[in-house]
file work-v3.cif (mmCIF, C-alpha atoms)
data_target
#
loop_
_atom_site.label_atom_id
_atom_site.label_comp_id
_atom_site.auth_asym_id
_atom_site.auth_seq_id
_atom_site.Cartn_x
_atom_site.Cartn_y
_atom_site.Cartn_z
CA MET A 1 25.55 -55.50 53.73
CA SER A 2 22.59 -53.18 54.17
CA PRO A 3 19.75 -53.47 51.64
CA VAL A 4 20.49 -49.96 50.37
CA ALA A 5 24.14 -50.72 49.69
CA ARG A 6 23.17 -54.04 48.10
CA ASN A 7 20.69 -52.36 45.76
CA ARG A 8 23.24 -49.77 44.73
CA LEU A 9 25.72 -52.51 43.97
CA ILE A 10 23.06 -54.24 41.86
CA ALA A 11 22.42 -50.97 40.01
CA LEU A 12 26.10 -50.55 39.32
CA GLY A 13 26.38 -54.11 38.07
CA ALA A 14 23.36 -53.77 35.80
CA LEU A 15 24.64 -50.48 34.40
CA LEU A 16 28.05 -52.03 33.72
CA VAL A 17 26.46 -54.96 31.89
CA ALA A 18 24.21 -52.59 29.92
CA GLY A 19 27.10 -50.27 29.06
CA ALA A 20 29.32 -53.15 27.96
CA GLY A 21 26.51 -54.56 25.82
CA LEU A 22 25.83 -51.23 24.18
CA GLY A 23 29.53 -50.58 23.63
CA PHE A 24 29.88 -53.96 21.98
CA VAL A 25 26.99 -53.31 19.63
CA ALA A 26 28.07 -49.76 18.83
CA PHE A 27 31.81 -50.25 18.43
CA GLY A 28 32.26 -54.01 18.07
CA ASN A 29 31.92 -53.98 14.29
CA ILE A 30 29.11 -56.51 14.38
CA GLY A 31 27.80 -54.63 11.35
CA GLU A 32 30.55 -56.23 9.29
CA ASN A 33 29.11 -59.68 9.80
CA LEU A 34 25.48 -58.69 9.84
CA VAL A 35 24.76 -56.63 6.78
CA TYR A 36 21.18 -56.22 5.72
CA TYR A 37 22.13 -56.16 2.05
CA TRP A 38 25.14 -56.20 -0.27
CA SER A 39 25.72 -53.49 -2.84
CA PRO A 40 26.22 -54.73 -6.43
CA SER A 41 30.00 -54.24 -6.27
CA GLU A 42 30.21 -56.08 -2.95
CA MET A 43 28.12 -58.94 -4.26
CA LEU A 44 30.21 -59.21 -7.42
CA GLY A 45 33.33 -59.18 -5.24
CA GLN A 46 32.13 -62.17 -3.21
CA GLY A 47 32.91 -64.65 -5.97
CA ASP A 48 31.39 -68.09 -5.44
CA LYS A 49 29.93 -67.11 -2.06
CA ALA A 50 27.29 -65.01 -3.83
CA TYR A 51 25.90 -67.88 -5.90
CA SER A 52 22.76 -69.85 -5.04
CA ALA A 53 22.38 -68.68 -1.43
CA THR A 54 19.41 -66.45 -0.67
CA ILE A 55 20.79 -62.95 -0.34
CA ARG A 56 19.69 -59.34 -0.40
CA LEU A 57 21.04 -56.91 -2.93
CA GLY A 58 20.56 -53.18 -2.47
CA GLY A 59 21.26 -50.16 -4.63
CA VAL A 60 19.52 -47.85 -7.02
CA VAL A 61 17.61 -48.69 -10.17
CA GLU A 62 19.82 -47.80 -13.12
CA ALA A 63 18.23 -45.08 -15.24
CA GLY A 64 16.49 -46.43 -18.32
CA SER A 65 17.03 -50.07 -17.39
CA ILE A 66 13.44 -50.99 -16.45
CA GLN A 67 11.80 -53.48 -18.80
CA TRP A 68 8.34 -54.72 -17.98
CA ASN A 69 6.76 -57.55 -19.90
CA ALA A 70 3.02 -57.49 -19.25
CA GLU A 71 2.40 -60.74 -21.08
CA HIS A 72 4.71 -62.80 -18.90
CA THR A 73 4.50 -60.37 -15.98
CA THR A 74 8.24 -60.26 -15.68
CA LEU A 75 10.17 -57.23 -14.69
CA GLN A 76 13.82 -56.66 -15.51
CA PHE A 77 16.04 -53.86 -14.37
CA ARG A 78 19.61 -53.22 -13.27
CA VAL A 79 20.55 -52.41 -9.70
CA ALA A 80 23.60 -50.16 -9.51
CA ASP A 81 25.84 -49.01 -6.66
CA ASP A 82 24.73 -45.42 -7.13
CA VAL A 83 23.14 -43.11 -9.69
CA LYS A 84 26.45 -42.25 -11.40
CA GLU A 85 26.73 -43.54 -14.93
CA GLY A 86 28.94 -46.58 -15.26
CA ALA A 87 28.55 -47.64 -11.61
CA PRO A 88 28.80 -51.42 -11.12
CA SER A 89 25.39 -52.98 -11.60
CA VAL A 90 23.60 -56.32 -11.60
CA LEU A 91 20.71 -57.46 -13.78
CA VAL A 92 17.64 -58.33 -11.71
CA ARG A 93 14.64 -60.34 -12.83
CA ALA A 94 11.56 -60.04 -10.63
CA THR A 95 8.24 -61.80 -10.89
CA GLU A 96 6.04 -59.66 -8.71
CA THR A 97 4.30 -56.34 -9.02
CA PRO A 98 6.66 -53.63 -7.84
CA PRO A 99 5.61 -51.13 -5.13
CA GLN A 100 4.02 -47.99 -6.56
CA MET A 101 7.10 -45.82 -6.02
CA PHE A 102 9.29 -48.10 -8.12
CA ARG A 103 10.97 -46.09 -10.88
CA ASP A 104 14.35 -45.11 -12.32
CA LYS A 105 17.01 -44.06 -9.81
CA ILE A 106 15.06 -45.04 -6.70
CA GLY A 107 16.65 -47.10 -3.94
CA VAL A 108 15.68 -50.78 -3.94
CA VAL A 109 16.45 -53.91 -1.95
CA VAL A 110 15.79 -57.24 -3.65
CA GLU A 111 15.79 -60.65 -2.01
CA GLY A 112 16.62 -63.72 -4.03
CA THR A 113 19.46 -65.65 -5.60
CA TYR A 114 22.27 -64.83 -7.97
CA ASP A 115 23.28 -67.39 -10.52
CA LYS A 116 26.30 -67.94 -12.70
CA SER A 117 24.61 -66.52 -15.79
CA GLY A 118 24.82 -63.14 -14.02
CA VAL A 119 21.11 -62.74 -13.33
CA PHE A 120 19.70 -62.03 -9.89
CA SER A 121 16.29 -63.68 -9.54
CA SER A 122 14.29 -61.70 -7.05
CA ASN A 123 11.26 -62.99 -5.23
CA ARG A 124 10.90 -59.93 -3.04
CA LEU A 125 11.26 -56.42 -4.35
CA MET A 126 11.36 -53.58 -1.83
CA VAL A 127 11.68 -49.88 -2.47
CA ASN A 128 13.37 -47.71 0.10
CA HIS A 129 12.41 -44.14 0.59
CA SER A 130 14.82 -41.38 1.58
CA ASN A 131 14.26 -39.20 4.64
CA GLU A 132 12.96 -36.38 2.44
CA TYR A 133 9.34 -35.33 2.40
CA ARG A 134 8.41 -32.62 -0.08
CA ALA A 135 5.26 -31.05 -1.38
CA PRO A 136 4.55 -31.67 -5.07
CA LYS A 137 6.15 -29.01 -7.26
CA GLU A 138 4.05 -26.69 -9.44
CA GLY A 139 1.90 -28.72 -11.78
CA GLU A 140 3.07 -32.03 -10.34
CA ASP A 141 0.65 -34.73 -9.30
CA PRO A 142 1.83 -37.20 -6.66
CA ARG A 143 0.12 -39.96 -8.60
CA GLN A 144 2.30 -39.42 -11.61
CA TRP A 145 4.78 -42.05 -10.49
CA GLN A 146 2.09 -44.66 -10.66
CA GLU A 147 1.21 -43.38 -14.13
CA THR A 148 4.85 -43.67 -15.16
CA LEU A 149 4.81 -47.31 -14.26
CA SER A 150 1.61 -48.01 -16.16
CA ASP A 151 3.19 -46.25 -19.13
CA ALA A 152 6.06 -48.67 -18.86
CA THR A 153 3.50 -51.46 -18.72
CA ALA A 154 1.90 -50.25 -21.91
CA MET A 155 5.27 -49.98 -23.62
CA GLY A 156 6.24 -53.47 -22.61
CA ALA A 157 2.98 -54.86 -23.99
CA LYS A 158 3.58 -53.45 -27.46
CA MET B 1 -6.90 -36.67 41.83
CA GLY B 2 -6.40 -33.09 40.75
CA LYS B 3 -9.03 -31.63 38.50
CA PHE B 4 -6.40 -30.63 35.94
CA ILE B 5 -5.05 -34.15 35.63
CA LYS B 6 -8.50 -35.69 35.47
CA TRP B 7 -10.09 -33.34 32.94
CA GLY B 8 -7.71 -30.59 31.86
CA LEU B 9 -4.83 -32.75 30.66
CA PRO B 10 -6.85 -35.18 28.52
CA ALA B 11 -8.85 -32.27 27.06
CA LEU B 12 -5.63 -30.42 26.23
CA ALA B 13 -4.10 -33.56 24.74
CA LEU B 14 -7.12 -34.30 22.55
CA VAL B 15 -7.40 -30.71 21.32
CA VAL B 16 -3.71 -30.51 20.41
CA LEU B 17 -3.76 -33.97 18.84
CA ALA B 18 -6.89 -33.12 16.84
CA ALA B 19 -5.24 -29.90 15.66
CA GLY B 20 -2.06 -31.73 14.69
CA TRP B 21 -3.92 -34.45 12.82
CA TRP B 22 -6.13 -31.91 11.07
CA LEU B 23 -2.99 -30.06 9.98
CA GLY B 24 -1.45 -33.30 8.83
CA LEU B 25 -4.47 -34.79 7.08
CA ALA B 26 -6.07 -31.71 5.56
CA TRP B 27 -3.70 -28.76 5.62
CA ALA B 28 -0.19 -30.04 4.89
CA PRO B 29 0.57 -31.02 1.30
CA PRO B 30 0.92 -34.68 0.32
CA ASP B 31 4.41 -36.01 -0.34
CA ARG B 32 5.42 -35.65 -3.97
CA GLU B 33 6.41 -39.29 -4.26
CA MET B 34 4.20 -41.15 -1.80
CA GLY B 35 1.10 -39.03 -2.13
CA ASP B 36 -1.45 -39.22 0.67
CA VAL B 37 0.05 -42.41 2.10
CA GLN B 38 2.77 -40.27 3.66
CA ARG B 39 0.20 -38.72 6.02
CA ILE B 40 0.40 -41.76 8.29
CA MET B 41 3.67 -40.14 9.39
CA TYR B 42 1.68 -37.86 11.71
CA VAL B 43 0.52 -40.93 13.64
CA HIS B 44 3.49 -43.29 13.32
CA VAL B 45 6.33 -40.91 14.20
CA PRO B 46 4.70 -39.34 17.32
CA LEU B 47 3.82 -42.84 18.58
CA GLN B 48 7.44 -44.00 18.26
CA TRP B 49 8.76 -40.85 19.88
CA VAL B 50 6.53 -41.07 22.94
CA ALA B 51 7.19 -44.80 23.25
CA MET B 52 10.90 -43.93 23.47
CA VAL B 53 10.14 -41.27 26.08
CA ALA B 54 8.16 -43.77 28.19
CA MET B 55 10.95 -46.37 27.96
CA ALA B 56 13.52 -43.74 28.91
CA ILE B 57 11.44 -42.84 31.99
CA ASN B 58 11.33 -46.53 32.85
CA PHE B 59 15.14 -46.68 32.70
CA VAL B 60 15.61 -43.60 34.89
CA VAL B 61 13.13 -44.67 37.59
CA ALA B 62 14.60 -48.19 37.61
CA ILE B 63 18.05 -46.80 38.47
CA SER B 64 16.49 -44.40 40.97
CA TYR B 65 14.68 -47.26 42.69
CA LEU B 66 17.94 -49.13 43.22
CA MET B 67 19.57 -45.95 44.53
CA LYS B 68 16.77 -45.11 46.91
CA ALA B 69 13.94 -47.63 47.20
CA SER B 70 10.43 -46.21 47.18
CA TRP B 71 7.05 -47.55 46.06
CA LYS B 72 6.49 -44.39 44.07
CA LEU B 73 9.49 -45.16 41.87
CA ASP B 74 8.41 -48.77 41.48
CA ALA B 75 4.90 -47.67 40.50
CA ALA B 76 6.37 -45.21 37.98
CA ALA B 77 8.50 -48.01 36.52
CA GLU B 78 5.50 -50.28 36.04
CA ALA B 79 3.39 -47.48 34.54
CA SER B 80 6.05 -46.32 32.07
CA ALA B 81 6.85 -49.83 30.85
CA GLU B 82 3.19 -50.65 30.24
CA ILE B 83 2.38 -47.39 28.48
CA GLY B 84 5.61 -47.57 26.47
CA LEU B 85 4.82 -51.10 25.35
CA VAL B 86 1.32 -50.12 24.18
CA LEU B 87 2.62 -47.06 22.31
CA GLY B 88 5.57 -48.92 20.80
CA THR B 89 3.28 -51.71 19.59
CA ALA B 90 0.94 -49.16 18.02
CA GLY B 91 3.99 -47.51 16.46
CA MET B 92 5.12 -50.79 14.97
CA ILE B 93 1.67 -51.58 13.59
CA THR B 94 1.34 -48.15 11.95
CA GLY B 95 4.86 -48.59 10.59
CA ALA B 96 3.90 -51.90 8.99
CA ILE B 97 0.80 -50.31 7.48
CA TRP B 98 3.01 -47.57 6.03
CA GLY B 99 5.61 -50.06 4.85
CA ARG B 100 3.28 -52.11 2.64
CA PRO B 101 2.45 -49.37 0.10
CA THR B 102 5.88 -47.68 0.19
CA TRP B 103 8.44 -50.45 0.65
CA GLY B 104 6.20 -53.13 -0.77
CA VAL B 105 6.32 -55.24 2.40
CA TYR B 106 4.80 -55.06 5.86
CA TRP B 107 7.91 -56.44 7.46
CA SER B 108 11.54 -57.11 6.76
CA TRP B 109 14.30 -58.09 9.18
CA ASP B 110 16.17 -54.86 8.78
CA PRO B 111 18.13 -53.45 11.75
CA ARG B 112 15.53 -50.87 12.77
CA LEU B 113 12.57 -53.21 12.64
CA THR B 114 14.47 -56.03 14.32
CA SER B 115 15.76 -53.90 17.17
CA GLN B 116 12.29 -52.48 17.73
CA ALA B 117 10.87 -56.00 17.85
CA ILE B 118 13.50 -56.95 20.43
CA MET B 119 12.52 -53.87 22.43
CA LEU B 120 8.86 -54.89 22.50
CA VAL B 121 9.74 -58.45 23.51
CA THR B 122 12.05 -57.15 26.26
CA TYR B 123 9.37 -55.00 27.87
CA THR B 124 6.80 -57.77 27.52
CA GLY B 125 9.24 -59.98 29.43
CA TYR B 126 9.72 -57.23 31.99
CA LEU B 127 5.98 -57.05 32.64
CA VAL B 128 5.68 -60.84 32.76
CA LEU B 129 8.46 -60.95 35.36
CA ARG B 130 6.61 -58.39 37.44
CA ARG B 131 3.48 -60.57 37.45
CA PHE B 132 5.44 -63.65 38.45
CA VAL B 133 7.22 -62.29 41.51
CA GLU B 134 4.92 -62.12 44.53
CA ASP B 135 7.17 -60.33 47.00
CA PRO B 136 6.89 -56.59 46.19
CA GLU B 137 10.47 -55.80 47.20
CA LYS B 138 12.04 -58.62 45.22
CA ARG B 139 9.79 -57.76 42.29
CA ALA B 140 10.89 -54.13 42.35
CA THR B 141 14.59 -54.98 42.60
CA TRP B 142 14.64 -57.73 39.99
CA SER B 143 12.54 -55.85 37.50
CA SER B 144 14.82 -52.81 37.91
CA VAL B 145 17.74 -54.94 36.79
CA VAL B 146 15.81 -56.13 33.74
CA ALA B 147 14.78 -52.54 32.99
CA ILE B 148 18.37 -51.29 33.11
CA ILE B 149 19.76 -54.06 30.93
CA GLY B 150 16.78 -53.87 28.56
CA ALA B 151 17.34 -50.15 28.09
CA ILE B 152 20.59 -50.72 26.17
CA ASN B 153 18.32 -51.41 23.25
CA LEU B 154 16.85 -47.89 23.24
CA PRO B 155 19.92 -46.17 21.74
CA ILE B 156 20.31 -49.17 19.43
CA VAL B 157 16.78 -48.69 18.09
CA TRP B 158 17.41 -44.98 17.65
CA PHE B 159 20.81 -45.25 15.95
CA SER B 160 20.20 -48.52 14.07
CA VAL B 161 19.37 -46.59 10.90
CA ARG B 162 22.67 -44.69 11.13
CA TRP B 163 24.93 -47.50 12.26
CA TRP B 164 23.81 -50.11 9.74
CA ARG B 165 22.27 -50.38 6.33
CA SER B 166 18.56 -50.68 6.60
CA LEU B 167 15.36 -50.52 4.66
CA HIS B 168 14.08 -47.88 7.05
CA GLN B 169 15.36 -44.43 6.18
CA VAL B 170 17.45 -42.37 8.62
CA GLN B 171 15.79 -39.77 10.81
CA SER B 172 14.37 -36.81 8.96
CA THR B 173 15.26 -33.31 10.06
CA PRO B 174 13.42 -30.04 9.43
CA LYS B 175 15.85 -29.60 6.53
CA THR B 176 14.58 -32.70 4.76
CA VAL B 177 10.90 -32.10 5.46
CA ASP B 178 8.71 -29.31 4.11
CA PRO B 179 7.87 -26.66 6.75
CA GLU B 180 4.11 -27.36 6.64
CA MET B 181 4.72 -31.06 7.27
CA THR B 182 7.17 -30.25 10.06
CA LEU B 183 4.61 -28.06 11.80
CA ALA B 184 1.88 -30.70 11.52
CA LEU B 185 4.27 -33.33 12.84
CA ARG B 186 5.34 -31.19 15.79
CA VAL B 187 1.79 -30.34 16.84
CA SER B 188 0.77 -34.02 16.55
CA ALA B 189 3.80 -35.01 18.60
CA PHE B 190 2.95 -32.59 21.39
CA GLY B 191 -0.64 -33.83 21.44
CA MET B 192 0.62 -37.41 21.68
CA LEU B 193 3.05 -36.39 24.42
CA PHE B 194 0.29 -34.80 26.53
CA LEU B 195 -1.86 -37.88 26.04
CA THR B 196 1.06 -40.07 27.13
CA ILE B 197 1.68 -37.97 30.23
CA TRP B 198 -1.98 -38.34 31.14
CA PHE B 199 -1.87 -42.12 30.61
CA LEU B 200 1.30 -42.31 32.71
CA MET B 201 -0.24 -40.38 35.58
CA LEU B 202 -3.39 -42.48 35.66
CA ARG B 203 -1.47 -45.74 35.52
CA TYR B 204 1.03 -44.50 38.09
CA ARG B 205 -1.72 -43.75 40.57
CA GLN B 206 -3.26 -47.18 40.10
CA ALA B 207 0.09 -48.92 40.46
CA LEU B 208 0.97 -46.93 43.58
CA ALA B 209 -2.38 -47.71 45.22
CA GLU B 210 -1.89 -51.39 44.38
CA ARG B 211 1.63 -51.37 45.85
CA GLN B 212 0.51 -49.66 49.05
CA ALA B 213 -2.35 -52.12 49.47
CA GLU B 214 0.04 -55.00 48.90
CA VAL B 215 2.44 -53.75 51.55
CA ALA B 216 -0.19 -52.75 54.10
CA LEU B 217 -2.32 -55.89 53.87
CA PRO B 218 -0.32 -58.63 52.19
CA ASP B 219 -2.90 -61.31 53.08
CA ALA B 220 -5.90 -59.45 51.73
CA LEU B 221 -4.81 -59.58 48.13
CA PRO B 222 -6.91 -61.79 45.90
CA SER B 223 -3.88 -63.25 44.15
CA ASP B 224 -2.38 -64.47 47.43
CA LEU B 225 -5.68 -65.95 48.57
CA ALA B 226 -6.17 -67.69 45.28
CA ALA B 227 -2.62 -69.01 45.34
CA ALA B 228 -2.90 -70.35 48.89
CA GLY B 229 -6.46 -71.67 48.49
CA GLY B 230 -5.76 -73.07 45.07
CA ALA B 231 -2.68 -74.95 46.23
CA ASN B 232 -4.57 -76.47 49.17
CA SER B 233 -7.58 -77.52 47.18
CA THR B 234 -5.50 -79.28 44.54
CA ARG B 235 -3.69 -81.16 47.26
CA VAL B 236 -7.00 -82.23 48.77
CA ALA B 237 -8.35 -83.24 45.40
#

call {"tool": "encode", "arguments": {"input": "work-v3.cif", "output": "structure tokens"}}
result
Amino acid sequence: MSPVARNRLIALGALLVAGAGLGFVAFGNIGENLVYYWSPSEMLGQGDKAYSATIRLGGVVEAGSIQWNAEHTTLQFRVADDVKEGAPSVLVRATETPPQMFRDKIGVVVEGTYDKSGVFSSNRLMVNHSNEYRAPKEGEDPRQWQETLSDATAMGAK
Amino acid sequence: MGKFIKWGLPALALVVLAAGWWLGLAWAPPDREMGDVQRIMYVHVPLQWVAMVAMAINFVVAISYLMKASWKLDAAAEASAEIGLVLGTAGMITGAIWGRPTWGVYWSWDPRLTSQAIMLVTYTGYLVLRRFVEDPEKRATWSSVVAIIGAINLPIVWFSVRWWRSLHQVQSTPKTVDPEMTLALRVSAFGMLFLTIWFLMLRYRQALAERQAEVALPDALPSDLAAAGGANSTRVA
């Protein structure tokens, strides 16, 4: 075989391997076994599998559910499937300072364990941002979200 | 080297990049939720885009080399992989810096971050392989195979945020971004693209000169001398 023909064969082989690999990743449903986080309803539907293993839970912070205790620096809130009222939700207890964008109705991913008392103990609280970037509206200060959280802090301390 | 490539292109790139970053840092409004932190977008996003462009060039020239062998294609493959790796690494670092104040963490094993990490490791391996193979023809052929197989990760990195749940948000579009921010981002991206093209051309010329020297005078290369001399002297010792 001439070197040119050999190289073209190699190219074809490499492309086939690459295409098969990509096809497997794209259409092989590996996402079903490798999820980055469970939603509250999925986690509740897991039964015993959800208990005591370290897992990630993702959803939105239920409106009005944030409780911050400044004395014990504990944070409690409910993570719900979505912002609709009455969506399945899970109570989360976190022990670290939340990121500055943390607030009602924002997307969060928490890492930790779920126990049989129905509380998810989080040791890592992450906030996820949407793909929207907007200028502040009239009379709005971007820092106000931080203020909101310190207000919550003050309320919890009372 | 043409005067335009030597002086005109870098000057153009720096002017456009400076304009884009000025627009982004001083002219565009801050994000209503993130505040000024969001402005790192004008650095992070262009870096990731041009890294993808460089990797895509690497894939195309790798296939082209196997179709029709030439040192020019091999030099282009080496240049694009190196530049892409540098840009992708810078993109990942700026992403981590952005992640800490917004997500709360520098790093999480989410699909986008993980696939990008695999991409960087793949191209590091590609460059390591190139350094290990002494015969220029074998090096070019073998590394082309690695480049083609490694490139399957590029669409995975791009679509990871759509295919799977992730911490990283999906791609923004002009519909989800304010027009001022979009303009600043586009100008920054073009500046970064011109800079990348300039880097690629410089590195390509170096790589091609190296390749031609290797082929013309295989014995004159310092690495070969050191390898031969080194092996002998250890045996004597």

call {"tool": "residues_around", "arguments": {"input": "work-v3.cif", "residues": "Gly86 (chain A)", "least_positions_apart": "6", "cutoff": "12 Å", "atoms": "only C-alpha atoms", "output": "list in words"}}
result
Ser41, Glu62, Ala63, Arg78, Val79 and Ala80 of chain A

call {"tool": "atom_distance", "arguments": {"input": "work-v3.cif", "atom1": "CA of Ala209 (chain B)", "atom2": "CA of Ala76 (chain B)"}}
result
11.6 Å

call {"tool": "residues_around", "arguments": {"input": "work-v3.cif", "residues": "Ala50 (chain A)", "least_positions_apart": "6", "cutoff": "12 Å", "atoms": "all atoms listed in the file", "output": "list in words"}}
result
Tyr37, Trp38, Ser39, Pro40, Ser41, Glu42, Met43, Leu44, Arg56, Leu57, Gly112, Thr113, Tyr114, Asp115, Lys116, Gly118, Val119 and Phe120 of chain A

call {"tool": "atom_distance", "arguments": {"input": "work-v3.cif", "atom1": "CA of Ala79 (chain B)", "atom2": "CA of Leu200 (chain B)"}}
result
5.9 Å

call {"tool": "interface_residues", "arguments": {"input": "work-v3.cif", "of": "chain B", "to": "chain A", "cutoff": "8 Å", "atoms": "all atoms listed in the file", "output": "PyMOL selection string"}}
result
chain B and resi 29-35+63+66-69+101-105+109-111+141+145+148-153+156+163-172+176-178+181

call {"tool": "residues_around", "arguments": {"input": "work-v3.cif", "residues": "Ser64 (chain B)", "least_positions_apart": "6", "cutoff": "10 Å", "atoms": "all atoms listed in the file", "output": "PyMOL selection string"}}
result
(chain A and resi 8+11) or (chain B and resi 58+70+73-74+77+144)

call {"tool": "write_last_selection", "arguments": {"input": "work-v3.cif", "atoms": "C-alpha atoms", "output": "mmCIF file, in the frame of the given file"}}
result
data_model
loop_
_atom_site.group_PDB
_atom_site.id
_atom_site.type_symbol
_atom_site.label_atom_id
_atom_site.label_comp_id
_atom_site.auth_asym_id
_atom_site.auth_seq_id
_atom_site.Cartn_x
_atom_site.Cartn_y
_atom_site.Cartn_z
ATOM 1 C CA ARG A 8 23.240 -49.770 44.730
ATOM 2 C CA ALA A 11 22.420 -50.970 40.010
ATOM 3 C CA ASN B 58 11.330 -46.530 32.850
ATOM 4 C CA SER B 70 10.430 -46.210 47.180
ATOM 5 C CA LEU B 73 9.490 -45.160 41.870
ATOM 6 C CA ASP B 74 8.410 -48.770 41.480
ATOM 7 C CA ALA B 77 8.500 -48.010 36.520
ATOM 8 C CA SER B 144 14.820 -52.810 37.910
#

call {"tool": "atom_distance", "arguments": {"input": "work-v3.cif", "atom1": "CA of Ser89 (chain A)", "atom2": "CA of Gly47 (chain A)"}}
result
15.0 Å

call {"tool": "resolve_selection", "arguments": {"input": "work-v3.cif", "expression": "the PyMOL selection byres ((chain B and resi 198) around 9)", "output": "PyMOL selection string"}}
result
chain B and resi 5-6+9-10+13+193-197+199-203

call {"tool": "closest_residue", "arguments": {"input": "work-v3.cif", "among": "B:Phe4, B:Tyr123, B:Trp98, B:Phe159", "to": "Ala147 (chain B)", "atoms": "only C-alpha atoms"}}
result
B:Tyr123

call {"tool": "resolve_selection", "arguments": {"input": "work-v3.cif", "expression": "the PyMOL selection byres ((chain B and resi 18) around 12)", "output": "list of chain:residue names"}}
result
B:Pro10, B:Ala11, B:Leu12, B:Ala13, B:Leu14, B:Val15, B:Val16, B:Leu17, B:Ala19, B:Gly20, B:Trp21, B:Trp22, B:Leu23, B:Gly24, B:Leu25, B:Ala26, B:Tyr42, B:Val43, B:Ala184, B:Leu185, B:Val187, B:Ser188, B:Ala189, B:Phe190, B:Gly191, B:Met192, B:Leu195

call {"tool": "resolve_selection", "arguments": {"input": "work-v3.cif", "expression": "the PyMOL selection byres ((chain B and resi 135) around 12)", "output": "list in words"}}
result
Leu129, Arg130, Arg131, Phe132, Val133, Glu134, Pro136, Glu137, Lys138, Arg139, Ala140, Thr141, Trp142, Ser143, Arg211, Glu214, Val215, Pro218, Asp219, Ser223 and Asp224 of chain B

call {"tool": "residues_around", "arguments": {"input": "work-v3.cif", "residues": "Gly64 (chain A)", "least_positions_apart": "3", "cutoff": "12 Å", "atoms": "all atoms listed in the file", "output": "ChimeraX atom specification"}}
result
/A:60-61,67-68,76-80,83,85,103-106,152

call {"tool": "closest_residue", "arguments": {"input": "work-v3.cif", "among": "B:Ala28, B:Leu113, B:Ala216, B:Leu154", "to": "Ala56 (chain B)", "atoms": "all atoms listed in the file"}}
result
B:Leu154

call {"tool": "residues_around", "arguments": {"input": "work-v3.cif", "residues": "Gly84 (chain B)", "least_positions_apart": "6", "cutoff": "7 Å", "atoms": "only C-alpha atoms", "output": "JSON, numbers by chain"}}
result
{"B": [51, 54, 55]}

call {"tool": "write_last_selection", "arguments": {"input": "work-v3.cif", "atoms": "C-alpha atoms", "output": "short mmCIF file (atom, residue, chain, number, x, y, z; two decimals), in the frame of the given file"}}
result
data_model
loop_
_atom_site.label_atom_id
_atom_site.label_comp_id
_atom_site.auth_asym_id
_atom_site.auth_seq_id
_atom_site.Cartn_x
_atom_site.Cartn_y
_atom_site.Cartn_z
CA ALA B 51 7.19 -44.80 23.25
CA ALA B 54 8.16 -43.77 28.19
CA MET B 55 10.95 -46.37 27.96
#

call {"tool": "closest_residue", "arguments": {"input": "work-v3.cif", "among": "B:Leu120, B:Pro179, B:Arg162, B:Ile93", "to": "Trp107 (chain B)", "atoms": "only C-alpha atoms"}}
result
B:Ile93
